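**Student:** Got entry.cif for you, mmCIF, C-alpha atoms and all ligand atoms:
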```cif
data_target
#
loop_
_atom_site.label_atom_id
_atom_site.label_comp_id
_atom_site.auth_asym_id
_atom_site.auth_seq_id
_atom_site.Cartn_x
_atom_site.Cartn_y
_atom_site.Cartn_z
CA MET A 1 107.29 192.19 78.92
CA PRO A 2 107.81 188.74 80.47
CA ASN A 3 106.36 186.92 77.46
CA ALA A 4 108.89 188.48 75.15
CA MET A 5 111.64 187.67 77.62
CA PHE A 6 110.61 184.03 77.80
CA GLU A 7 110.26 183.85 74.01
CA ALA A 8 113.79 185.20 73.51
CA ARG A 9 115.26 182.88 76.14
CA GLY A 10 113.40 179.86 74.78
CA ARG A 11 114.50 180.56 71.21
CA GLU A 12 118.09 181.01 72.37
CA LEU A 13 118.04 177.64 74.15
CA LEU A 14 116.65 175.95 71.06
CA GLN A 15 119.22 177.66 68.82
CA GLY A 16 121.89 176.36 71.20
CA LEU A 17 120.67 172.82 70.51
CA VAL A 18 120.89 173.48 66.77
CA ASP A 19 124.41 174.90 67.13
CA THR A 20 125.65 171.98 69.20
CA ARG A 21 123.87 169.49 66.94
CA GLN A 22 121.69 168.20 69.77
CA LEU A 23 118.38 169.07 68.16
CA LYS A 24 116.30 165.94 67.78
CA GLN A 25 114.56 165.13 64.52
CA PHE A 26 111.15 163.53 64.82
CA GLN A 27 110.02 160.98 62.27
CA TYR A 28 106.28 160.50 61.82
CA LEU A 29 105.17 156.92 61.26
CA THR A 30 102.00 156.48 59.27
CA GLY A 31 101.12 152.99 60.47
CA SER A 32 101.94 150.29 62.99
CA LEU A 33 105.43 149.09 63.79
CA GLY A 34 106.84 145.67 62.93
CA ALA A 35 110.07 144.57 61.26
CA THR A 36 109.54 147.64 59.14
CA ALA A 37 107.69 150.92 59.52
CA THR A 38 106.53 153.56 57.09
CA ILE A 39 107.93 157.02 57.69
CA GLU A 40 105.89 159.94 56.39
CA GLY A 41 107.62 161.47 53.37
CA ARG A 42 110.21 158.69 53.16
CA GLY A 43 108.55 155.29 52.87
CA GLU A 44 109.25 151.90 54.34
CA VAL A 45 112.36 151.32 56.44
CA ILE A 46 113.74 148.42 58.47
CA VAL A 47 113.43 149.23 62.17
CA LEU A 48 116.55 148.70 64.26
CA CYS A 49 115.78 151.27 66.94
CA SER A 50 112.66 150.21 68.78
CA ASN A 51 112.16 148.34 72.06
CA ASN A 52 109.63 146.09 70.34
CA TYR A 53 111.89 143.17 71.23
CA LEU A 54 109.41 140.37 70.65
CA GLY A 55 107.49 141.91 67.76
CA LEU A 56 104.26 142.06 69.77
CA ALA A 57 103.43 145.72 69.11
CA ASN A 58 101.31 144.86 66.07
CA HIS A 59 100.47 141.25 66.92
CA PRO A 60 96.86 140.55 65.84
CA GLU A 61 95.93 139.07 69.23
CA VAL A 62 97.44 142.01 71.11
CA ILE A 63 95.49 144.41 68.91
CA GLU A 64 92.28 142.41 69.29
CA ALA A 65 92.66 142.26 73.09
CA GLY A 66 92.94 146.05 73.08
CA HIS A 67 89.79 146.35 70.95
CA GLU A 68 87.95 144.03 73.29
CA GLY A 69 89.09 146.04 76.31
CA LEU A 70 87.92 149.25 74.67
CA ARG A 71 84.51 147.76 73.79
CA LYS A 72 83.99 146.24 77.23
CA TYR A 73 85.27 149.05 79.46
CA GLY A 74 85.01 152.10 77.22
CA ALA A 75 87.74 154.68 76.92
CA GLY A 76 88.15 154.98 80.67
CA THR A 77 86.44 155.84 83.95
CA ALA A 78 87.47 159.49 84.25
CA SER A 79 88.71 158.74 87.72
CA VAL A 80 91.74 157.68 89.71
CA ARG A 81 91.88 154.16 91.10
CA PHE A 82 90.62 154.71 94.62
CA ILE A 83 87.53 156.57 93.42
CA CYS A 84 86.00 154.56 90.58
CA GLY A 85 89.00 153.94 88.36
CA THR A 86 89.90 150.35 89.22
CA LEU A 87 88.71 147.88 86.60
CA ALA A 88 88.58 144.11 86.67
CA CYS A 89 91.14 144.15 83.83
CA HIS A 90 93.61 145.94 86.11
CA ARG A 91 93.42 143.11 88.61
CA GLU A 92 93.76 140.55 85.82
CA LEU A 93 96.82 142.35 84.43
CA GLU A 94 98.40 142.70 87.87
CA GLU A 95 97.84 139.04 88.74
CA THR A 96 99.37 138.10 85.40
CA ILE A 97 102.44 140.30 85.94
CA ALA A 98 103.00 138.98 89.49
CA ARG A 99 102.73 135.40 88.30
CA PHE A 100 105.03 136.07 85.33
CA VAL A 101 107.85 137.63 87.34
CA GLY A 102 107.29 135.52 90.47
CA THR A 103 106.25 138.03 93.11
CA GLN A 104 103.35 138.03 95.57
CA SER A 105 101.66 140.99 93.99
CA SER A 106 101.97 143.84 91.49
CA LEU A 107 100.53 147.26 90.73
CA SER A 108 100.25 148.88 87.31
CA TYR A 109 100.85 152.54 86.43
CA VAL A 110 100.37 154.56 83.25
CA ALA A 111 104.11 154.25 82.62
CA CYS A 112 107.19 152.76 84.24
CA TRP A 113 108.22 156.38 84.71
CA ASN A 114 105.33 156.72 87.16
CA ALA A 115 105.96 153.30 88.70
CA ASN A 116 109.52 154.39 89.52
CA ALA A 117 108.32 157.80 90.68
CA ALA A 118 106.02 155.96 93.11
CA VAL A 119 108.66 153.73 94.69
CA PHE A 120 111.12 155.87 96.64
CA PRO A 121 108.97 158.82 97.76
CA THR A 122 106.43 156.32 99.12
CA LEU A 123 108.70 153.68 100.61
CA ALA A 124 111.93 155.37 101.73
CA GLY A 125 112.00 156.98 105.17
CA PRO A 126 114.04 159.91 106.54
CA ASP A 127 116.48 157.56 108.33
CA ASP A 128 117.16 155.54 105.18
CA ALA A 129 119.87 155.66 102.52
CA ILE A 130 119.41 155.04 98.80
CA LEU A 131 122.36 153.76 96.75
CA SER A 132 121.92 154.12 92.99
CA ASP A 133 124.02 153.03 89.98
CA GLU A 134 125.41 156.05 88.13
CA LEU A 135 123.89 154.92 84.82
CA ASN A 136 120.39 154.32 86.17
CA HIS A 137 117.45 155.49 84.09
CA ALA A 138 116.32 159.10 84.42
CA SER A 139 113.04 158.02 86.05
CA ILE A 140 114.96 156.38 88.92
CA ILE A 141 117.10 159.49 89.36
CA ASP A 142 113.99 161.66 89.47
CA SER A 143 112.25 159.30 91.88
CA ILE A 144 115.18 159.66 94.29
CA ARG A 145 115.05 163.44 93.84
CA LEU A 146 111.44 163.38 95.05
CA VAL A 147 112.37 161.78 98.38
CA GLY A 148 112.47 164.04 101.46
CA LYS A 149 115.75 165.87 102.12
CA ALA A 150 116.65 163.89 105.26
CA THR A 151 117.09 160.63 103.36
CA GLU A 152 120.71 160.00 102.49
CA ARG A 153 121.53 159.23 98.87
CA ALA A 154 124.65 158.08 97.12
CA VAL A 155 125.57 157.14 93.58
CA TYR A 156 127.89 154.16 93.06
CA LYS A 157 130.06 153.64 89.98
CA HIS A 158 128.41 151.74 87.17
CA ASN A 159 128.19 148.01 88.01
CA ASP A 160 131.04 148.51 90.51
CA LEU A 161 130.54 146.02 93.36
CA ASN A 162 133.46 147.38 95.41
CA ASP A 163 132.07 150.87 95.32
CA LEU A 164 128.60 149.57 96.18
CA GLU A 165 129.96 147.55 99.12
CA GLN A 166 131.91 150.57 100.33
CA LYS A 167 128.72 152.61 100.36
CA LEU A 168 126.79 149.84 102.09
CA LYS A 169 129.48 149.82 104.79
CA THR A 170 129.39 153.57 105.39
CA THR A 171 125.60 153.57 105.72
CA GLN A 172 125.32 150.70 108.23
CA GLN A 173 123.77 152.91 110.89
CA LYS A 174 120.81 153.75 108.63
CA ALA A 175 117.38 152.28 109.37
CA CYS A 176 116.96 150.84 105.91
CA ARG A 177 119.29 150.82 102.91
CA TRP A 178 117.98 150.67 99.36
CA VAL A 179 120.03 149.55 96.39
CA VAL A 180 118.58 150.39 92.99
CA THR A 181 119.79 149.37 89.56
CA ASP A 182 118.59 148.92 86.01
CA GLY A 183 118.50 145.23 85.04
CA VAL A 184 119.65 146.10 81.51
CA PHE A 185 121.28 149.47 80.86
CA SER A 186 119.79 151.11 77.81
CA MET A 187 122.81 152.90 76.38
CA GLU A 188 125.43 150.21 77.02
CA GLY A 189 123.24 147.15 76.53
CA ASP A 190 124.99 145.55 79.49
CA VAL A 191 123.32 143.86 82.47
CA CYS A 192 123.82 144.49 86.17
CA PRO A 193 125.83 141.83 88.07
CA LEU A 194 122.62 140.66 89.70
CA PRO A 195 123.73 137.59 91.74
CA GLU A 196 126.56 139.60 93.32
CA ILE A 197 124.27 142.54 94.05
CA ILE A 198 121.73 140.18 95.64
CA ALA A 199 124.51 138.68 97.80
CA LEU A 200 125.65 142.14 98.93
CA CYS A 201 122.08 143.17 99.74
CA ARG A 202 121.66 140.02 101.85
CA GLN A 203 124.98 140.50 103.62
CA TYR A 204 124.24 144.14 104.47
CA GLU A 205 120.49 143.71 104.86
CA ALA A 206 119.55 146.16 102.14
CA MET A 207 116.40 146.25 100.04
CA LEU A 208 117.01 145.66 96.34
CA VAL A 209 115.05 147.46 93.62
CA VAL A 210 115.62 146.39 89.99
CA ASP A 211 114.10 148.25 87.05
CA ASP A 212 113.90 145.58 84.38
CA SER A 213 112.28 147.63 81.63
CA HIS A 214 114.72 146.45 78.94
CA GLY A 215 114.97 142.94 80.36
CA ILE A 216 111.33 141.94 80.76
CA GLY A 217 110.22 139.83 77.80
CA ALA A 218 113.65 139.96 76.21
CA LEU A 219 116.04 138.21 78.62
CA GLY A 220 115.89 134.74 80.15
CA THR A 221 114.83 131.67 78.19
CA THR A 222 111.14 132.31 78.87
CA GLY A 223 111.32 136.10 78.79
CA ARG A 224 111.07 136.68 82.53
CA GLY A 225 113.90 139.15 82.30
CA THR A 226 117.22 139.78 84.03
CA PRO A 227 116.34 137.70 87.14
CA GLU A 228 115.67 134.68 84.93
CA HIS A 229 118.87 135.33 82.95
CA PHE A 230 120.81 134.99 86.22
CA ASN A 231 118.67 132.24 87.72
CA SER A 232 117.62 134.68 90.44
CA LEU A 233 113.85 134.70 90.04
CA GLY A 234 112.07 135.43 93.31
CA GLN A 235 115.17 136.93 94.96
CA ILE A 236 114.53 140.63 94.33
CA ASP A 237 112.55 142.73 96.78
CA ILE A 238 111.05 145.12 94.24
CA LEU A 239 110.92 144.82 90.47
CA THR A 240 109.73 147.62 88.26
CA GLY A 241 109.26 147.44 84.52
CA THR A 242 107.49 148.83 81.51
CA LEU A 243 104.67 147.47 79.39
CA GLY A 244 105.83 149.89 76.71
CA LYS A 245 108.74 147.84 75.37
CA ALA A 246 108.61 144.05 74.83
CA LEU A 247 105.17 143.67 76.47
CA GLY A 248 103.12 145.22 73.69
CA GLY A 249 104.95 148.50 73.32
CA ALA A 250 102.07 150.89 74.02
CA ALA A 251 102.56 152.32 77.48
CA GLY A 252 102.14 151.29 81.09
CA GLY A 253 104.44 150.12 83.82
CA TYR A 254 104.38 148.12 87.01
CA VAL A 255 105.86 147.53 90.41
CA ALA A 256 106.03 143.84 91.34
CA ALA A 257 106.83 143.02 94.96
CA SER A 258 105.48 141.72 98.28
CA GLN A 259 101.89 142.40 99.28
CA THR A 260 103.13 144.89 101.89
CA VAL A 261 104.96 146.97 99.27
CA ILE A 262 101.99 146.89 96.90
CA ASP A 263 99.49 147.76 99.66
CA LEU A 264 101.65 150.73 100.69
CA LEU A 265 101.83 151.95 97.09
CA LEU A 266 98.08 151.47 96.63
CA GLN A 267 97.37 153.50 99.77
CA ARG A 268 100.09 156.10 99.50
CA SER A 269 101.79 156.52 96.11
CA ARG A 270 101.06 159.88 94.57
CA PRO A 271 101.17 158.74 90.89
CA SER A 272 98.27 156.34 91.61
CA LEU A 273 96.37 158.52 94.12
CA PHE A 274 96.36 161.61 91.92
CA SER A 275 96.55 160.27 88.38
CA ASN A 276 94.45 157.91 86.29
CA ALA A 277 95.21 154.24 85.84
CA VAL A 278 96.55 152.62 82.70
CA PRO A 279 93.67 152.58 80.14
CA ALA A 280 91.69 149.35 79.76
CA THR A 281 92.74 148.93 76.14
CA VAL A 282 96.42 148.99 77.16
CA ALA A 283 95.87 146.77 80.21
CA CYS A 284 94.14 144.16 78.05
CA SER A 285 96.79 144.33 75.29
CA ALA A 286 99.66 144.01 77.76
CA ARG A 287 98.06 141.06 79.51
CA LYS A 288 97.62 139.36 76.14
CA ALA A 289 101.27 140.08 75.30
CA ILE A 290 102.39 138.28 78.47
CA GLU A 291 100.07 135.35 77.66
CA ILE A 292 101.66 135.08 74.21
CA ILE A 293 105.17 135.10 75.70
CA GLU A 294 104.19 132.32 78.12
CA ARG A 295 102.68 130.33 75.27
CA GLU A 296 105.45 131.00 72.74
CA PRO A 297 108.87 131.12 74.39
CA GLN A 298 110.27 130.53 70.89
CA ARG A 299 109.86 134.29 70.32
CA VAL A 300 112.66 134.89 72.82
CA ALA A 301 114.75 132.24 71.06
CA LYS A 302 114.16 133.98 67.73
CA LEU A 303 115.23 137.29 69.24
CA ASN A 304 118.47 135.61 70.38
CA ARG A 305 119.08 134.12 66.93
CA ASN A 306 118.58 137.55 65.38
CA VAL A 307 121.01 139.10 67.88
CA GLN A 308 123.62 136.42 66.99
CA GLN A 309 123.12 136.99 63.25
CA ILE A 310 123.49 140.74 63.39
CA ARG A 311 126.43 140.64 65.84
CA ALA A 312 128.27 138.18 63.57
CA GLY A 313 127.59 140.53 60.65
CA PHE A 314 128.92 143.55 62.53
CA ASP A 315 132.04 141.60 63.52
CA LYS A 316 132.65 140.74 59.88
CA LEU A 317 132.25 144.38 58.90
CA GLY A 318 134.73 145.38 61.59
CA PHE A 319 132.41 147.54 63.71
CA ASP A 320 133.37 148.27 67.31
CA CYS A 321 130.43 146.73 69.25
CA HIS A 322 130.24 146.45 73.02
CA PRO A 323 129.79 142.78 73.89
CA SER A 324 126.59 142.00 75.81
CA PRO A 325 123.94 139.31 76.12
CA THR A 326 121.11 141.72 75.32
CA ALA A 327 119.30 142.90 72.19
CA ILE A 328 120.91 146.35 72.53
CA ILE A 329 124.08 146.65 70.46
CA PRO A 330 125.90 149.98 70.73
CA ILE A 331 128.29 150.59 67.82
CA MET A 332 130.91 153.00 69.12
CA ILE A 333 131.61 155.91 66.77
CA GLY A 334 133.17 158.49 69.10
CA ASP A 335 132.46 161.74 67.34
CA GLU A 336 128.92 162.98 67.77
CA ALA A 337 128.49 164.64 64.39
CA GLU A 338 129.74 161.48 62.72
CA ALA A 339 127.31 159.28 64.64
CA ILE A 340 124.44 161.52 63.61
CA ALA A 341 125.63 161.64 59.97
CA LYS A 342 125.87 157.85 59.92
CA SER A 343 122.36 157.41 61.27
CA ARG A 344 121.07 159.85 58.65
CA ARG A 345 122.88 157.92 55.91
CA LEU A 346 121.40 154.65 57.20
CA LEU A 347 117.92 156.14 57.04
CA GLU A 348 118.54 157.10 53.41
CA LEU A 349 119.54 153.48 52.85
CA GLY A 350 116.26 152.34 54.38
CA VAL A 351 117.42 151.39 57.89
CA MET A 352 116.25 153.23 60.97
CA VAL A 353 118.99 153.43 63.63
CA ILE A 354 119.49 156.31 66.02
CA GLY A 355 122.80 158.00 66.80
CA PHE A 356 123.26 159.06 70.44
CA GLY A 357 125.67 161.73 71.59
CA PHE A 358 126.19 164.03 74.56
CA PRO A 359 124.39 164.55 76.94
CA VAL A 360 122.71 161.13 76.66
CA VAL A 361 126.17 159.48 76.64
CA PRO A 362 129.55 160.95 77.73
CA LYS A 363 131.38 163.30 75.32
CA GLY A 364 133.50 161.42 72.78
CA GLN A 365 131.46 158.23 73.22
CA ALA A 366 128.81 158.87 70.59
CA ARG A 367 127.32 155.73 69.19
CA LEU A 368 124.76 154.16 66.96
CA ARG A 369 122.42 152.11 69.10
CA VAL A 370 121.13 149.05 67.28
CA GLN A 371 118.18 147.26 68.83
CA VAL A 372 117.15 143.87 67.57
CA SER A 373 113.63 142.46 67.42
CA ALA A 374 112.11 139.03 66.96
CA ALA A 375 109.93 140.73 64.32
CA LEU A 376 112.94 140.76 61.97
CA GLU A 377 113.44 137.94 59.47
CA PRO A 378 116.94 136.89 58.35
CA GLN A 379 116.52 138.80 55.07
CA HIS A 380 115.78 142.05 56.95
CA ILE A 381 119.01 141.61 58.88
CA GLU A 382 120.99 140.87 55.70
CA GLN A 383 119.50 143.95 54.07
CA ALA A 384 120.39 146.05 57.12
CA LEU A 385 123.95 144.70 57.17
CA ASP A 386 124.29 145.63 53.47
CA ALA A 387 123.38 149.20 54.42
CA PHE A 388 125.95 149.21 57.26
CA ALA A 389 128.57 147.94 54.81
CA LYS A 390 127.98 151.08 52.72
CA LEU A 391 128.80 153.44 55.60
C1 LIG B 1 112.07 152.81 79.09
C2 LIG B 1 112.41 152.80 80.51
C3 LIG B 1 111.58 153.39 81.46
C4 LIG B 1 110.35 154.18 81.09
O1 LIG B 1 109.32 153.35 80.69
P1 LIG B 1 107.90 154.00 80.33
O2 LIG B 1 106.93 152.92 80.63
O3 LIG B 1 107.97 154.35 78.88
O4 LIG B 1 107.73 155.18 81.19
C5 LIG B 1 111.92 153.28 82.80
N1 LIG B 1 113.03 152.64 83.17
C6 LIG B 1 113.88 152.08 82.29
C7 LIG B 1 115.11 151.39 82.76
C8 LIG B 1 113.61 152.16 80.92
O5 LIG B 1 114.44 151.62 80.05
#
```
Could you take the file, read its structure, and then write that structure out as structure tokens?
**Tutor:**
Amino acid sequence: MPNAMFEARGRELLQGLVDTRQLKQFQYLTGSLGATATIEGRGEVIVLCSNNYLGLANHPEVIEAGHEGLRKYGAGTASVRFICGTLACHRELEETIARFVGTQSSLSYVACWNANAAVFPTLAGPDDAILSDELNHASIIDSIRLVGKATERAVYKHNDLNDLEQKLKTTQQKACRWVVTDGVFSMEGDVCPLPEIIALCRQYEAMLVVDDSHGIGALGTTGRGTPEHFNSLGQIDILTGTLGKALGGAAGGYVAASQTVIDLLLQRSRPSLFSNAVPATVACSARKAIEIIEREPQRVAKLNRNVQQIRAGFDKLGFDCHPSPTAIIPIMIGDEAEAIAKSRRLLELGVMVIGFGFPVVPKGQARLRVQVSAALEPQHIEQALDAFAKL
């Protein structure tokens, strides 16, 4: 009986996760997320594990904009964009995103996952080559997997300019070369060497795609992300990013690029031709989030102050933190079981931090990933550091 066979195989796979301590525990939150959150059955904890970098996820204006969007447009249009699913609020959001990141145009998707999934299958041709950083986000990897077989693909070593240049040299005969990188890498908290990558792409006439999901809102003095951090605004062919991190934290993603790129995606990308648009309530919330960032750049400054405070505290406590300019601070533990035990202990002490092990990071490089938010006040950080001191 195939059902019984599947059931046995499925259970065995799950038991394997239990045995290798890879089984994820899910915490249920009973309310909105800010500096703290309330976990069902546990109570209030300080949050050091969300991408809510600017504290906008429960901002009253962001919430109200979502309400307004829901009242005005309803829950949705039960349609994809080219039928009757394109709302005025989509255009408003997309104009706002393009203005914010400095591109001609932009297109929103229900998630950055879908935005990335749209890019390569739509834009890369059979005579092209795609060069991808080895630590790129899973959605980029899957996007490249969706491209037709004829397209050449290569993975270059993480942030390794020599390896990238080597691969640009060996693909010179290709019609079009694509270089794709995360702006900020989520497990390391490091940034790509953007100015050097831009220079290589110019020299070898390659198209550059940067996924700035962890950078947008959080990096650069006015929150315009990794390009602003490196003074390279307007120099990237295609930017993708999420609305589900600093920009309100609900969901949604975008591609920001030239009008030609956006028109091609509008006409041809499967995630927008065959799947609904981002809901009005999310589109309106995200647009409001960007407006708030433009109005209050001091949120980014507060995020940076919080990062400095917590890094200084970790240094004092003698933790092994990767240095980086971002709000992602990996504390290297090494052993996976220990990283997980430490994150459990922190939760008991009222601080929510996640431990990551294999296969998310290489074996022996398990870590606690601390993420800082502008929602935190100095006393939250002190309280959290007290908990770390008890480890
Ligand atoms: C979080 C993240 C995504 C996925 O974003 P969603 O909008 O949640 O799908 C894509 N790329 C990178 C680099 C990310 O960090």
**Student:** Taking a cut-off of 10 Å and counting all atoms listed in the file, can you build a table that, for each residue of chain A near ligand LIG 1 (chain B), reports the nearest atom pair and how far apart they are in Å (one decimal), sorted by chain then residue number, as JSON lines?
**Tutor:**
```
{"residue": "A:Asn51", "atom": "CA", "partner": "B:LIG1", "partner_atom": "C1", "distance": 8.3}
{"residue": "A:Tyr109", "atom": "CA", "partner": "B:LIG1", "partner_atom": "O2", "distance": 8.4}
{"residue": "A:Val110", "atom": "CA", "partner": "B:LIG1", "partner_atom": "O2", "distance": 7.3}
{"residue": "A:Ala111", "atom": "CA", "partner": "B:LIG1", "partner_atom": "O2", "distance": 3.7}
{"residue": "A:Cys112", "atom": "CA", "partner": "B:LIG1", "partner_atom": "O2", "distance": 3.6}
{"residue": "A:Trp113", "atom": "CA", "partner": "B:LIG1", "partner_atom": "O4", "distance": 3.8}
{"residue": "A:Asn114", "atom": "CA", "partner": "B:LIG1", "partner_atom": "O4", "distance": 6.6}
{"residue": "A:Ala115", "atom": "CA", "partner": "B:LIG1", "partner_atom": "O4", "distance": 7.9}
{"residue": "A:Asn116", "atom": "CA", "partner": "B:LIG1", "partner_atom": "C5", "distance": 7.2}
{"residue": "A:Ala117", "atom": "CA", "partner": "B:LIG1", "partner_atom": "C5", "distance": 9.8}
{"residue": "A:Leu135", "atom": "CA", "partner": "B:LIG1", "partner_atom": "C7", "distance": 9.7}
{"residue": "A:Asn136", "atom": "CA", "partner": "B:LIG1", "partner_atom": "C7", "distance": 6.9}
{"residue": "A:His137", "atom": "CA", "partner": "B:LIG1", "partner_atom": "C7", "distance": 4.9}
{"residue": "A:Ala138", "atom": "CA", "partner": "B:LIG1", "partner_atom": "N1", "distance": 7.4}
{"residue": "A:Ser139", "atom": "CA", "partner": "B:LIG1", "partner_atom": "C5", "distance": 5.9}
{"residue": "A:Ile140", "atom": "CA", "partner": "B:LIG1", "partner_atom": "N1", "distance": 7.1}
{"residue": "A:Thr181", "atom": "CA", "partner": "B:LIG1", "partner_atom": "C7", "distance": 8.5}
{"residue": "A:Asp182", "atom": "CA", "partner": "B:LIG1", "partner_atom": "C7", "distance": 5.4}
{"residue": "A:Gly183", "atom": "CA", "partner": "B:LIG1", "partner_atom": "C7", "distance": 7.4}
{"residue": "A:Val184", "atom": "CA", "partner": "B:LIG1", "partner_atom": "C7", "distance": 7.1}
{"residue": "A:Phe185", "atom": "CA", "partner": "B:LIG1", "partner_atom": "C7", "distance": 6.7}
{"residue": "A:Ser186", "atom": "CA", "partner": "B:LIG1", "partner_atom": "O5", "distance": 5.8}
{"residue": "A:Met187", "atom": "CA", "partner": "B:LIG1", "partner_atom": "O5", "distance": 9.2}
{"residue": "A:Val210", "atom": "CA", "partner": "B:LIG1", "partner_atom": "C7", "distance": 8.8}
{"residue": "A:Asp211", "atom": "CA", "partner": "B:LIG1", "partner_atom": "C7", "distance": 5.4}
{"residue": "A:Asp212", "atom": "CA", "partner": "B:LIG1", "partner_atom": "C7", "distance": 6.2}
{"residue": "A:Ser213", "atom": "CA", "partner": "B:LIG1", "partner_atom": "C8", "distance": 4.8}
{"residue": "A:His214", "atom": "CA", "partner": "B:LIG1", "partner_atom": "O5", "distance": 5.3}
{"residue": "A:Gly215", "atom": "CA", "partner": "B:LIG1", "partner_atom": "O5", "distance": 8.7}
{"residue": "A:Thr240", "atom": "CA", "partner": "B:LIG1", "partner_atom": "N1", "distance": 7.9}
{"residue": "A:Gly241", "atom": "CA", "partner": "B:LIG1", "partner_atom": "N1", "distance": 6.6}
{"residue": "A:Thr242", "atom": "CA", "partner": "B:LIG1", "partner_atom": "O2", "distance": 4.2}
{"residue": "A:Leu243", "atom": "CA", "partner": "B:LIG1", "partner_atom": "O2", "distance": 6.0}
{"residue": "A:Gly244", "atom": "CA", "partner": "B:LIG1", "partner_atom": "O2", "distance": 5.1}
{"residue": "A:Lys245", "atom": "CA", "partner": "B:LIG1", "partner_atom": "C1", "distance": 7.0}
{"residue": "A:Gly249", "atom": "CA", "partner": "B:LIG1", "partner_atom": "O3", "distance": 8.6}
{"residue": "A:Ala250", "atom": "CA", "partner": "B:LIG1", "partner_atom": "O3", "distance": 8.4}
{"residue": "A:Ala251", "atom": "CA", "partner": "B:LIG1", "partner_atom": "O2", "distance": 5.4}
{"residue": "A:Gly252", "atom": "CA", "partner": "B:LIG1", "partner_atom": "O2", "distance": 5.1}
{"residue": "A:Gly253", "atom": "CA", "partner": "B:LIG1", "partner_atom": "O2", "distance": 4.9}
{"residue": "A:Tyr254", "atom": "CA", "partner": "B:LIG1", "partner_atom": "O2", "distance": 8.4}
```
**Student:** Show me, as a list in words, the residues that have an atom within 12 Å of Asp19 of chain A when counting only C-alpha atoms, minus same-chain residues fewer than 6 positions from it.
**Tutor:**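 The filter keeps Glu12, Leu13 and Ala337 of chain A.
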**Student:** Please report, as lines of an AutoDock Vina configuration file, the centre and edge lengths in Å to one decimal of an axis-aligned box covering all listed atoms of segment 380-391 of chain A with 5 Å per side.
**Tutor:**
```
center_x = 122.3
center_y = 147.2
center_z = 55.8
size_x = 23.0
size_y = 22.6
size_z = 16.2
```
**Student:** Give me, please, the distance in Å between atom CA of Tyr28 of chain A and atom CA of Pro279 of chain A, quoted to one decimal.
**Tutor:**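 We find that atom CA of Tyr28 of chain A and atom CA of Pro279 of chain A lie 23.6 Å from each other.
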**Student:** Compare A:Gly189, A:Gly364, A:Gly125, A:Gly10 by their minimum atom-to-atom distance to Cys321 of chain A, counting only C-alpha atoms, and give me the closest one.
**Tutor:**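 Closest candidate: A:Gly189.
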**Student:** Taking 2 positions as the minimum chain separation for residues in the same chain, which residues sit within 12 Å of Ile83 of chain A when counting only C-alpha atoms? Answer as a list in words.
**Tutor:**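 Listed by chain and then number, they are Thr77, Ala78, Ser79, Val80, Arg81, Gly85, Thr86, Leu87, Ser272, Leu273, Phe274, Ser275, Asn276 and Ala277 of chain A.
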**Student:** Convert the current residue selection to file output with C-alpha atoms, as a PDB file, in the frame of the given file.
**Tutor:**
```pdb
ATOM      1  CA  THR A  77      86.440 155.840  83.950  1.00  0.00           C
ATOM      2  CA  ALA A  78      87.470 159.490  84.250  1.00  0.00           C
ATOM      3  CA  SER A  79      88.710 158.740  87.720  1.00  0.00           C
ATOM      4  CA  VAL A  80      91.740 157.680  89.710  1.00  0.00           C
ATOM      5  CA  ARG A  81      91.880 154.160  91.100  1.00  0.00           C
ATOM      6  CA  GLY A  85      89.000 153.940  88.360  1.00  0.00           C
ATOM      7  CA  THR A  86      89.900 150.350  89.220  1.00  0.00           C
ATOM      8  CA  LEU A  87      88.710 147.880  86.600  1.00  0.00           C
ATOM      9  CA  SER A 272      98.270 156.340  91.610  1.00  0.00           C
ATOM     10  CA  LEU A 273      96.370 158.520  94.120  1.00  0.00           C
ATOM     11  CA  PHE A 274      96.360 161.610  91.920  1.00  0.00           C
ATOM     12  CA  SER A 275      96.550 160.270  88.380  1.00  0.00           C
ATOM     13  CA  ASN A 276      94.450 157.910  86.290  1.00  0.00           C
ATOM     14  CA  ALA A 277      95.210 154.240  85.840  1.00  0.00           C
TER      15      ALA A 277
END
```
